[in-house]
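Asker: To be precise about what I am sending: the file is called query15.cif and holds mmCIF, N, CA and C atoms.
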data_final
#
loop_
_atom_site.label_atom_id
_atom_site.label_comp_id
_atom_site.auth_asym_id
_atom_site.auth_seq_id
_atom_site.Cartn_x
_atom_site.Cartn_y
_atom_site.Cartn_z
N MET A 1 0.84 -1.19 0.00
CA MET A 1 0.00 0.00 0.00
C MET A 1 0.88 1.24 0.00
N TYR A 2 0.50 2.21 -0.80
CA TYR A 2 1.28 3.45 -0.91
C TYR A 2 0.90 4.43 0.17
N ASN A 3 1.87 5.22 0.57
CA ASN A 3 1.68 6.24 1.58
C ASN A 3 1.54 7.59 0.87
N TYR A 4 0.46 8.28 1.08
CA TYR A 4 0.20 9.54 0.40
C TYR A 4 0.76 10.75 1.15
N ASP A 5 1.56 10.52 2.19
CA ASP A 5 2.15 11.63 2.92
C ASP A 5 3.00 12.52 2.02
N THR A 6 3.66 11.92 1.05
CA THR A 6 4.48 12.68 0.11
C THR A 6 3.64 13.73 -0.60
N LEU A 7 2.47 13.35 -1.05
CA LEU A 7 1.58 14.29 -1.73
C LEU A 7 1.09 15.37 -0.78
N ASP A 8 0.79 14.99 0.44
CA ASP A 8 0.31 15.96 1.42
C ASP A 8 1.40 16.99 1.75
N ILE A 9 2.62 16.51 1.93
CA ILE A 9 3.73 17.41 2.26
C ILE A 9 4.00 18.36 1.09
N ALA A 10 4.09 17.81 -0.11
CA ALA A 10 4.34 18.66 -1.28
C ALA A 10 3.18 19.63 -1.52
N GLY A 11 1.97 19.16 -1.33
CA GLY A 11 0.80 20.03 -1.50
C GLY A 11 0.79 21.17 -0.51
N SER A 12 1.17 20.88 0.73
CA SER A 12 1.20 21.95 1.74
C SER A 12 2.28 22.97 1.40
N ALA A 13 3.39 22.50 0.87
CA ALA A 13 4.46 23.41 0.46
C ALA A 13 4.03 24.27 -0.73
N LEU A 14 3.27 23.70 -1.65
CA LEU A 14 2.75 24.48 -2.78
C LEU A 14 1.85 25.62 -2.29
N ARG A 15 0.97 25.31 -1.33
CA ARG A 15 0.08 26.35 -0.79
C ARG A 15 0.89 27.45 -0.09
N ALA A 16 1.89 27.04 0.68
CA ALA A 16 2.71 28.01 1.41
C ALA A 16 3.50 28.91 0.45
N GLU A 17 4.09 28.31 -0.59
CA GLU A 17 4.86 29.10 -1.55
C GLU A 17 3.97 30.00 -2.40
N ARG A 18 2.74 29.56 -2.66
CA ARG A 18 1.81 30.42 -3.40
C ARG A 18 1.49 31.67 -2.58
N LEU A 19 1.27 31.49 -1.28
CA LEU A 19 1.04 32.65 -0.41
C LEU A 19 2.25 33.56 -0.41
N ARG A 20 3.43 32.97 -0.34
CA ARG A 20 4.66 33.76 -0.36
C ARG A 20 4.76 34.59 -1.63
N MET A 21 4.42 33.99 -2.77
CA MET A 21 4.46 34.74 -4.04
C MET A 21 3.41 35.85 -4.06
N ASP A 22 2.24 35.59 -3.50
CA ASP A 22 1.20 36.63 -3.42
C ASP A 22 1.66 37.81 -2.58
N VAL A 23 2.31 37.52 -1.46
CA VAL A 23 2.80 38.57 -0.57
C VAL A 23 3.91 39.38 -1.26
N ILE A 24 4.80 38.69 -1.95
CA ILE A 24 5.87 39.38 -2.68
C ILE A 24 5.27 40.29 -3.75
N ALA A 25 4.27 39.80 -4.48
CA ALA A 25 3.61 40.61 -5.50
C ALA A 25 2.97 41.85 -4.88
N GLY A 26 2.37 41.69 -3.70
CA GLY A 26 1.79 42.84 -2.99
C GLY A 26 2.85 43.84 -2.58
N ASN A 27 4.00 43.35 -2.14
CA ASN A 27 5.10 44.25 -1.78
C ASN A 27 5.55 45.06 -2.99
N ILE A 28 5.72 44.38 -4.13
CA ILE A 28 6.16 45.08 -5.34
C ILE A 28 5.13 46.12 -5.76
N ALA A 29 3.86 45.75 -5.70
CA ALA A 29 2.80 46.67 -6.11
C ALA A 29 2.74 47.92 -5.22
N ASN A 30 3.18 47.79 -3.99
CA ASN A 30 3.08 48.91 -3.03
C ASN A 30 4.42 49.55 -2.70
N MET A 31 5.44 49.32 -3.51
CA MET A 31 6.78 49.79 -3.14
C MET A 31 6.90 51.31 -3.11
N ASN A 32 5.98 52.04 -3.71
CA ASN A 32 6.01 53.50 -3.67
C ASN A 32 4.80 54.09 -2.94
N THR A 33 4.08 53.27 -2.21
CA THR A 33 2.88 53.72 -1.51
C THR A 33 3.25 54.49 -0.24
N THR A 34 2.85 55.74 -0.20
CA THR A 34 3.21 56.60 0.94
C THR A 34 2.00 56.97 1.80
N HIS A 35 0.80 56.55 1.38
CA HIS A 35 -0.39 56.81 2.19
C HIS A 35 -1.37 55.65 2.06
N ASN A 36 -2.29 55.56 3.00
CA ASN A 36 -3.24 54.45 2.99
C ASN A 36 -4.44 54.78 2.09
N ALA A 37 -5.40 53.89 2.02
CA ALA A 37 -6.56 54.04 1.13
C ALA A 37 -7.41 55.25 1.50
N ASP A 38 -7.34 55.69 2.76
CA ASP A 38 -8.10 56.86 3.20
C ASP A 38 -7.38 58.17 2.93
N GLY A 39 -6.19 58.09 2.33
CA GLY A 39 -5.42 59.29 2.02
C GLY A 39 -4.55 59.78 3.17
N ILE A 40 -4.52 59.04 4.27
CA ILE A 40 -3.69 59.42 5.42
C ILE A 40 -2.25 59.00 5.14
N VAL A 41 -1.31 59.90 5.40
CA VAL A 41 0.10 59.59 5.17
C VAL A 41 0.50 58.45 6.10
N GLN A 42 0.75 57.33 5.51
CA GLN A 42 1.13 56.12 6.24
C GLN A 42 1.76 55.17 5.24
N PRO A 43 3.09 55.10 5.19
CA PRO A 43 3.75 54.24 4.21
C PRO A 43 3.37 52.77 4.39
N TYR A 44 3.29 52.09 3.26
CA TYR A 44 3.06 50.65 3.28
C TYR A 44 4.24 49.99 3.99
N ILE A 45 3.96 48.99 4.77
CA ILE A 45 5.00 48.23 5.46
C ILE A 45 5.18 46.90 4.74
N ARG A 46 6.42 46.61 4.38
CA ARG A 46 6.73 45.36 3.69
C ARG A 46 6.25 44.16 4.50
N LYS A 47 5.68 43.20 3.81
CA LYS A 47 5.16 41.99 4.45
C LYS A 47 6.09 40.81 4.17
N LEU A 48 6.15 39.91 5.12
CA LEU A 48 6.92 38.67 5.01
C LEU A 48 6.03 37.52 5.45
N VAL A 49 6.29 36.34 4.92
CA VAL A 49 5.53 35.15 5.33
C VAL A 49 6.40 34.34 6.28
N SER A 50 5.82 33.97 7.39
CA SER A 50 6.49 33.12 8.37
C SER A 50 5.94 31.70 8.19
N PHE A 51 6.84 30.72 8.13
CA PHE A 51 6.44 29.33 7.93
C PHE A 51 6.61 28.53 9.22
N LYS A 52 5.86 27.45 9.31
CA LYS A 52 6.03 26.51 10.42
C LYS A 52 5.89 25.10 9.90
N THR A 53 6.53 24.19 10.59
CA THR A 53 6.42 22.77 10.27
C THR A 53 5.15 22.24 10.92
N VAL A 54 4.38 21.47 10.18
CA VAL A 54 3.17 20.86 10.70
C VAL A 54 3.50 19.42 11.07
N MET A 55 3.27 19.09 12.33
CA MET A 55 3.59 17.75 12.83
C MET A 55 2.30 16.97 13.09
N ASP A 56 2.38 15.66 12.90
CA ASP A 56 1.27 14.78 13.25
C ASP A 56 1.34 14.58 14.76
N GLU A 57 0.29 14.93 15.45
CA GLU A 57 0.27 14.86 16.92
C GLU A 57 0.39 13.43 17.44
N GLN A 58 -0.13 12.48 16.70
CA GLN A 58 -0.10 11.09 17.16
C GLN A 58 1.25 10.44 16.92
N THR A 59 1.84 10.66 15.75
CA THR A 59 3.08 9.97 15.41
C THR A 59 4.33 10.83 15.61
N GLY A 60 4.15 12.14 15.66
CA GLY A 60 5.29 13.04 15.78
C GLY A 60 6.04 13.23 14.47
N LEU A 61 5.49 12.69 13.38
CA LEU A 61 6.12 12.83 12.07
C LEU A 61 5.69 14.12 11.40
N ILE A 62 6.52 14.58 10.48
CA ILE A 62 6.20 15.80 9.74
C ILE A 62 5.07 15.53 8.76
N LYS A 63 4.05 16.38 8.79
CA LYS A 63 2.92 16.27 7.88
C LYS A 63 3.01 17.29 6.75
N GLY A 64 3.82 18.30 6.94
CA GLY A 64 3.92 19.32 5.91
C GLY A 64 4.42 20.63 6.47
N VAL A 65 4.12 21.67 5.73
CA VAL A 65 4.51 23.02 6.11
C VAL A 65 3.28 23.91 5.95
N ALA A 66 3.23 24.95 6.73
CA ALA A 66 2.11 25.89 6.64
C ALA A 66 2.62 27.29 6.89
N ALA A 67 1.87 28.24 6.38
CA ALA A 67 2.19 29.63 6.67
C ALA A 67 1.76 29.89 8.11
N ASP A 68 2.70 30.34 8.91
CA ASP A 68 2.41 30.66 10.30
C ASP A 68 1.73 32.01 10.40
N GLY A 69 1.91 32.82 9.37
CA GLY A 69 1.28 34.13 9.33
C GLY A 69 2.04 35.07 8.42
N VAL A 70 1.40 36.17 8.13
CA VAL A 70 2.03 37.24 7.36
C VAL A 70 2.37 38.32 8.37
N ILE A 71 3.66 38.66 8.43
CA ILE A 71 4.12 39.62 9.43
C ILE A 71 4.71 40.85 8.75
N ASN A 72 4.77 41.93 9.49
CA ASN A 72 5.39 43.15 8.99
C ASN A 72 6.89 43.09 9.17
N ASP A 73 7.61 43.56 8.16
CA ASP A 73 9.06 43.67 8.24
C ASP A 73 9.40 44.77 9.25
N VAL A 74 10.45 44.58 10.01
CA VAL A 74 10.80 45.55 11.04
C VAL A 74 11.90 46.52 10.60
N GLU A 75 12.35 46.40 9.36
CA GLU A 75 13.39 47.31 8.89
C GLU A 75 12.83 48.73 8.80
N ALA A 76 13.73 49.70 8.93
CA ALA A 76 13.34 51.10 8.88
C ALA A 76 12.83 51.48 7.49
N LEU A 77 11.97 52.48 7.46
CA LEU A 77 11.46 52.99 6.20
C LEU A 77 12.56 53.73 5.45
N ASN A 78 12.38 53.87 4.14
CA ASN A 78 13.30 54.67 3.33
C ASN A 78 12.86 56.12 3.41
N VAL A 79 13.78 56.99 3.76
CA VAL A 79 13.46 58.41 3.91
C VAL A 79 14.14 59.18 2.79
N VAL A 80 13.34 59.98 2.08
CA VAL A 80 13.84 60.77 0.95
C VAL A 80 13.44 62.22 1.16
N TYR A 81 14.39 63.11 0.93
CA TYR A 81 14.09 64.55 1.03
C TYR A 81 13.45 64.99 -0.28
N ASP A 82 12.17 65.36 -0.22
CA ASP A 82 11.43 65.81 -1.40
C ASP A 82 10.29 66.70 -0.94
N PRO A 83 10.60 67.98 -0.65
CA PRO A 83 9.57 68.87 -0.13
C PRO A 83 8.41 69.11 -1.09
N SER A 84 8.57 68.80 -2.38
CA SER A 84 7.49 69.01 -3.34
C SER A 84 6.48 67.85 -3.36
N HIS A 85 6.83 66.75 -2.71
CA HIS A 85 5.94 65.58 -2.68
C HIS A 85 4.74 65.89 -1.77
N PRO A 86 3.53 65.53 -2.22
CA PRO A 86 2.33 65.83 -1.40
C PRO A 86 2.31 65.11 -0.05
N ASP A 87 3.07 64.03 0.12
CA ASP A 87 3.08 63.30 1.38
C ASP A 87 4.32 63.61 2.22
N SER A 88 5.03 64.68 1.89
CA SER A 88 6.22 65.02 2.68
C SER A 88 5.80 65.61 4.02
N ASP A 89 6.66 65.41 5.01
CA ASP A 89 6.36 65.96 6.34
C ASP A 89 6.74 67.45 6.38
N ASP A 90 6.60 68.08 7.54
CA ASP A 90 6.87 69.51 7.65
C ASP A 90 8.34 69.88 7.41
N LYS A 91 9.23 68.89 7.44
CA LYS A 91 10.65 69.13 7.16
C LYS A 91 11.01 68.77 5.71
N GLY A 92 10.03 68.29 4.92
CA GLY A 92 10.26 67.98 3.52
C GLY A 92 10.65 66.54 3.24
N TYR A 93 10.56 65.68 4.24
CA TYR A 93 10.93 64.28 4.06
C TYR A 93 9.71 63.42 3.73
N VAL A 94 9.92 62.48 2.82
CA VAL A 94 8.88 61.52 2.45
C VAL A 94 9.35 60.15 2.93
N TYR A 95 8.44 59.42 3.56
CA TYR A 95 8.74 58.09 4.07
C TYR A 95 8.15 57.06 3.10
N TYR A 96 9.06 56.28 2.51
CA TYR A 96 8.68 55.24 1.56
C TYR A 96 8.83 53.87 2.21
N PRO A 97 8.08 52.88 1.68
CA PRO A 97 8.24 51.52 2.20
C PRO A 97 9.67 51.03 2.05
N ASN A 98 10.05 50.14 2.93
CA ASN A 98 11.40 49.56 2.93
C ASN A 98 11.49 48.38 1.96
N ILE A 99 11.08 48.63 0.72
CA ILE A 99 11.01 47.57 -0.28
C ILE A 99 12.06 47.80 -1.35
N SER A 100 12.83 46.76 -1.61
CA SER A 100 13.85 46.78 -2.65
C SER A 100 13.40 45.82 -3.75
N ILE A 101 13.29 46.31 -4.97
CA ILE A 101 12.85 45.44 -6.07
C ILE A 101 13.81 44.27 -6.25
N GLU A 102 15.10 44.49 -6.02
CA GLU A 102 16.08 43.41 -6.16
C GLU A 102 15.82 42.31 -5.13
N GLU A 103 15.55 42.70 -3.91
CA GLU A 103 15.29 41.71 -2.86
C GLU A 103 13.97 40.96 -3.12
N GLU A 104 12.96 41.69 -3.56
CA GLU A 104 11.67 41.06 -3.85
C GLU A 104 11.79 40.07 -5.01
N MET A 105 12.53 40.46 -6.05
CA MET A 105 12.69 39.56 -7.19
C MET A 105 13.51 38.33 -6.81
N THR A 106 14.50 38.51 -5.95
CA THR A 106 15.29 37.37 -5.46
C THR A 106 14.39 36.42 -4.67
N ASP A 107 13.55 36.99 -3.82
CA ASP A 107 12.60 36.17 -3.05
C ASP A 107 11.62 35.46 -3.98
N MET A 108 11.17 36.16 -5.03
CA MET A 108 10.23 35.56 -5.98
C MET A 108 10.89 34.39 -6.72
N ILE A 109 12.15 34.54 -7.11
CA ILE A 109 12.86 33.45 -7.78
C ILE A 109 13.00 32.26 -6.84
N SER A 110 13.29 32.53 -5.58
CA SER A 110 13.42 31.46 -4.59
C SER A 110 12.08 30.74 -4.38
N ALA A 111 11.01 31.51 -4.28
CA ALA A 111 9.68 30.91 -4.10
C ALA A 111 9.29 30.09 -5.33
N LYS A 112 9.60 30.60 -6.52
CA LYS A 112 9.30 29.87 -7.76
C LYS A 112 10.07 28.55 -7.81
N ALA A 113 11.34 28.58 -7.42
CA ALA A 113 12.16 27.36 -7.43
C ALA A 113 11.61 26.34 -6.44
N ALA A 114 11.22 26.78 -5.26
CA ALA A 114 10.65 25.87 -4.27
C ALA A 114 9.32 25.30 -4.76
N TYR A 115 8.52 26.14 -5.39
CA TYR A 115 7.24 25.69 -5.95
C TYR A 115 7.49 24.61 -7.00
N GLN A 116 8.42 24.89 -7.91
CA GLN A 116 8.74 23.94 -8.98
C GLN A 116 9.29 22.62 -8.43
N ALA A 117 10.12 22.71 -7.39
CA ALA A 117 10.67 21.49 -6.79
C ALA A 117 9.56 20.61 -6.22
N ASN A 118 8.55 21.22 -5.65
CA ASN A 118 7.43 20.44 -5.10
C ASN A 118 6.55 19.86 -6.20
N ILE A 119 6.39 20.60 -7.28
CA ILE A 119 5.67 20.06 -8.44
C ILE A 119 6.41 18.82 -8.97
N THR A 120 7.73 18.92 -9.06
CA THR A 120 8.54 17.80 -9.54
C THR A 120 8.40 16.59 -8.62
N SER A 121 8.38 16.81 -7.31
CA SER A 121 8.24 15.67 -6.39
C SER A 121 6.87 15.02 -6.54
N ILE A 122 5.84 15.80 -6.79
CA ILE A 122 4.50 15.23 -7.01
C ILE A 122 4.48 14.42 -8.30
N GLN A 123 5.09 14.96 -9.36
CA GLN A 123 5.13 14.23 -10.63
C GLN A 123 5.92 12.93 -10.50
N THR A 124 7.03 12.97 -9.77
CA THR A 124 7.84 11.77 -9.56
C THR A 124 7.04 10.73 -8.78
N PHE A 125 6.33 11.16 -7.75
CA PHE A 125 5.50 10.24 -6.97
C PHE A 125 4.44 9.59 -7.86
N LYS A 126 3.80 10.40 -8.70
CA LYS A 126 2.78 9.85 -9.60
C LYS A 126 3.36 8.82 -10.56
N GLU A 127 4.54 9.10 -11.09
CA GLU A 127 5.20 8.16 -12.00
C GLU A 127 5.55 6.85 -11.28
N MET A 128 6.04 6.96 -10.05
CA MET A 128 6.37 5.76 -9.28
C MET A 128 5.11 4.96 -8.96
N PHE A 129 4.04 5.65 -8.62
CA PHE A 129 2.78 4.98 -8.31
C PHE A 129 2.25 4.26 -9.55
N ARG A 130 2.31 4.94 -10.70
CA ARG A 130 1.85 4.35 -11.96
C ARG A 130 2.69 3.12 -12.31
N ALA A 131 4.02 3.21 -12.13
CA ALA A 131 4.89 2.08 -12.41
C ALA A 131 4.59 0.90 -11.49
N GLY A 132 4.26 1.20 -10.25
CA GLY A 132 3.89 0.15 -9.30
C GLY A 132 2.62 -0.56 -9.69
N LEU A 133 1.68 0.16 -10.26
CA LEU A 133 0.43 -0.45 -10.71
C LEU A 133 0.64 -1.36 -11.91
N GLU A 134 1.65 -1.05 -12.71
CA GLU A 134 1.90 -1.83 -13.90
C GLU A 134 2.61 -3.15 -13.61
N LEU A 135 3.14 -3.31 -12.41
CA LEU A 135 3.86 -4.54 -12.07
C LEU A 135 2.95 -5.73 -11.96
#
As structure tokens - that is how I would like this structure written.

Answerer:
Amino acid sequence: MYNYDTLDIAGSALRAERLRMDVIAGNIANMNTTHNADGIVQPYIRKLVSFKTVMDEQTGLIKGVAADGVINDVEALNVVYDPSHPDSDDKGYVYYPNISIEEEMTDMISAKAAYQANITSIQTFKEMFRAGLEL
């Protein structure tokens, strides 16, 4: 009898990496956001995904991975002197999100590679299962 834990683990990783890619896309989309939807000056805060290992309570074995939550990055905001900007403070400084396109793209490439690796493991499992049925 085959054990489907491999599919469960890979599937959980696919869900986690998809969330990570969604969060990265949101960061990129908001990299120049200096105010909230209500027009109040409040720079967007970069988001990160925190992961956790999911364990089977009965056996103590790993069941997969899950997003533990989406958290705010604690790095300082980028401060630019631009007194002509509508969101500048009384000293002429504008506070931008602490988002670097290079870092976001690097994270996106990493998430894509992890996603693809899990797709490959699912395909390999399916091929092994199919070969076992043919015996």

Asker: Written as an MDAnalysis selection string, what is the full residue list that the PyMOL selection byres (((chain A and resi 122 and name CA) around 12) and name CA) yields on the file shown?

Answerer: chainID A and resid 4:14 115:121 123:129

Asker: Could the residues in this selection be saved with N, CA and C atoms as a PDB file, in the frame of the given file?

Answerer:
ATOM      1  N   TYR A   4       0.460   8.280   1.080  1.00  0.00           N
ATOM      2  CA  TYR A   4       0.200   9.540   0.400  1.00  0.00           C
ATOM      3  C   TYR A   4       0.760  10.750   1.150  1.00  0.00           C
ATOM      4  N   ASP A   5       1.560  10.520   2.190  1.00  0.00           N
ATOM      5  CA  ASP A   5       2.150  11.630   2.920  1.00  0.00           C
ATOM      6  C   ASP A   5       3.000  12.520   2.020  1.00  0.00           C
ATOM      7  N   THR A   6       3.660  11.920   1.050  1.00  0.00           N
ATOM      8  CA  THR A   6       4.480  12.680   0.110  1.00  0.00           C
ATOM      9  C   THR A   6       3.640  13.730  -0.600  1.00  0.00           C
ATOM     10  N   LEU A   7       2.470  13.350  -1.050  1.00  0.00           N
ATOM     11  CA  LEU A   7       1.580  14.290  -1.730  1.00  0.00           C
ATOM     12  C   LEU A   7       1.090  15.370  -0.780  1.00  0.00           C
ATOM     13  N   ASP A   8       0.790  14.990   0.440  1.00  0.00           N
ATOM     14  CA  ASP A   8       0.310  15.960   1.420  1.00  0.00           C
ATOM     15  C   ASP A   8       1.400  16.990   1.750  1.00  0.00           C
ATOM     16  N   ILE A   9       2.620  16.510   1.930  1.00  0.00           N
ATOM     17  CA  ILE A   9       3.730  17.410   2.260  1.00  0.00           C
ATOM     18  C   ILE A   9       4.000  18.360   1.090  1.00  0.00           C
ATOM     19  N   ALA A  10       4.090  17.810  -0.110  1.00  0.00           N
ATOM     20  CA  ALA A  10       4.340  18.660  -1.280  1.00  0.00           C
ATOM     21  C   ALA A  10       3.180  19.630  -1.520  1.00  0.00           C
ATOM     22  N   GLY A  11       1.970  19.160  -1.330  1.00  0.00           N
ATOM     23  CA  GLY A  11       0.800  20.030  -1.500  1.00  0.00           C
ATOM     24  C   GLY A  11       0.790  21.170  -0.510  1.00  0.00           C
ATOM     25  N   SER A  12       1.170  20.880   0.730  1.00  0.00           N
ATOM     26  CA  SER A  12       1.200  21.950   1.740  1.00  0.00           C
ATOM     27  C   SER A  12       2.280  22.970   1.400  1.00  0.00           C
ATOM     28  N   ALA A  13       3.390  22.500   0.870  1.00  0.00           N
ATOM     29  CA  ALA A  13       4.460  23.410   0.460  1.00  0.00           C
ATOM     30  C   ALA A  13       4.030  24.270  -0.730  1.00  0.00           C
ATOM     31  N   LEU A  14       3.270  23.700  -1.650  1.00  0.00           N
ATOM     32  CA  LEU A  14       2.750  24.480  -2.780  1.00  0.00           C
ATOM     33  C   LEU A  14       1.850  25.620  -2.290  1.00  0.00           C
ATOM     34  N   TYR A 115       8.520  26.140  -5.390  1.00  0.00           N
ATOM     35  CA  TYR A 115       7.240  25.690  -5.950  1.00  0.00           C
ATOM     36  C   TYR A 115       7.490  24.610  -7.000  1.00  0.00           C
ATOM     37  N   GLN A 116       8.420  24.890  -7.910  1.00  0.00           N
ATOM     38  CA  GLN A 116       8.740  23.940  -8.980  1.00  0.00           C
ATOM     39  C   GLN A 116       9.290  22.620  -8.430  1.00  0.00           C
ATOM     40  N   ALA A 117      10.120  22.710  -7.390  1.00  0.00           N
ATOM     41  CA  ALA A 117      10.670  21.490  -6.790  1.00  0.00           C
ATOM     42  C   ALA A 117       9.560  20.610  -6.220  1.00  0.00           C
ATOM     43  N   ASN A 118       8.550  21.220  -5.650  1.00  0.00           N
ATOM     44  CA  ASN A 118       7.430  20.440  -5.100  1.00  0.00           C
ATOM     45  C   ASN A 118       6.550  19.860  -6.200  1.00  0.00           C
ATOM     46  N   ILE A 119       6.390  20.600  -7.280  1.00  0.00           N
ATOM     47  CA  ILE A 119       5.670  20.060  -8.440  1.00  0.00           C
ATOM     48  C   ILE A 119       6.410  18.820  -8.970  1.00  0.00           C
ATOM     49  N   THR A 120       7.730  18.920  -9.060  1.00  0.00           N
ATOM     50  CA  THR A 120       8.540  17.800  -9.540  1.00  0.00           C
ATOM     51  C   THR A 120       8.400  16.590  -8.620  1.00  0.00           C
ATOM     52  N   SER A 121       8.380  16.810  -7.310  1.00  0.00           N
ATOM     53  CA  SER A 121       8.240  15.670  -6.390  1.00  0.00           C
ATOM     54  C   SER A 121       6.870  15.020  -6.540  1.00  0.00           C
ATOM     55  N   GLN A 123       5.090  14.960  -9.360  1.00  0.00           N
ATOM     56  CA  GLN A 123       5.130  14.230 -10.630  1.00  0.00           C
ATOM     57  C   GLN A 123       5.920  12.930 -10.500  1.00  0.00           C
ATOM     58  N   THR A 124       7.030  12.970  -9.770  1.00  0.00           N
ATOM     59  CA  THR A 124       7.840  11.770  -9.560  1.00  0.00           C
ATOM     60  C   THR A 124       7.040  10.730  -8.780  1.00  0.00           C
ATOM     61  N   PHE A 125       6.330  11.160  -7.750  1.00  0.00           N
ATOM     62  CA  PHE A 125       5.500  10.240  -6.970  1.00  0.00           C
ATOM     63  C   PHE A 125       4.440   9.590  -7.860  1.00  0.00           C
ATOM     64  N   LYS A 126       3.800  10.400  -8.700  1.00  0.00           N
ATOM     65  CA  LYS A 126       2.780   9.850  -9.600  1.00  0.00           C
ATOM     66  C   LYS A 126       3.360   8.820 -10.560  1.00  0.00           C
ATOM     67  N   GLU A 127       4.540   9.100 -11.090  1.00  0.00           N
ATOM     68  CA  GLU A 127       5.200   8.160 -12.000  1.00  0.00           C
ATOM     69  C   GLU A 127       5.550   6.850 -11.280  1.00  0.00           C
ATOM     70  N   MET A 128       6.040   6.960 -10.050  1.00  0.00           N
ATOM     71  CA  MET A 128       6.370   5.760  -9.280  1.00  0.00           C
ATOM     72  C   MET A 128       5.110   4.960  -8.960  1.00  0.00           C
ATOM     73  N   PHE A 129       4.040   5.650  -8.620  1.00  0.00           N
ATOM     74  CA  PHE A 129       2.780   4.980  -8.310  1.00  0.00           C
ATOM     75  C   PHE A 129       2.250   4.260  -9.550  1.00  0.00           C
TER      76      PHE A 129
END

Asker: When you look at range 29-36 of chain A with a cut-off of 6.5 Å (counting all atoms listed in the file), what residues show up, excluding the ones that are within fewer than 4 positions of it in the same chain? I need them as number ranges by chain.

Answerer: A: 24-25, 40-44, 87, 95-97, 99

Asker: May I have all residues of chain A that DSSP, computed from the backbone, assigns to helix (DSSP H, G or I), given as a ChimeraX atom specification?

Answerer: /A:5-29,101-134

Asker: I need the output of the PyMOL selection byres ((chain A and resi 54) around 7) for this file as an MDAnalysis selection string; which residues are they?

Answerer: chainID A and resid 52:53 55:56 61:66

Asker: Taking the DSSP assignment computed from this structure's backbone, write out as a ChimeraX atom specification all residues of range 64-98 of chain A that belong to strand (DSSP E or B).

Answerer: /A:64-72,78-81,93-96

Asker: Show me, as JSON, the centre and edge lengths in Å to one decimal of the axis-aligned box that covers every listed atom of range 120-131 of chain A with 3 Å on each side.

Answerer:
{"center_x": 5.2, "center_y": 9.9, "center_z": -9.4, "size_x": 12.7, "size_y": 24.0, "size_z": 12.0}

Asker: Could you give me, as JSON, numbers by chain, the residues within 6.5 Å of range 69-86 of chain A, counting only N, CA and C atoms and dropping anything in the same chain fewer than 6 positions from it?

Answerer: {"A": [45, 46, 47, 48, 49, 50, 51, 92, 93, 94, 95, 96, 97, 98, 99]}

Asker: Check what the PyMOL selection byres ((chain A and resi 103-110) around 8) selects in the file above and give those residues as a VMD selection string.

Answerer: chain A and resid 17 20 to 21 24 to 25 27 to 28 99 to 102 111 to 116

Asker: What separation in Å, quoted to one decimal, exists between CA of Gly26 in chain A and atom C of Gly39 in chain A?

Answerer: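 Pair CA of Gly26 in chain A / atom C of Gly39 in chain A returns 19.1 Å.
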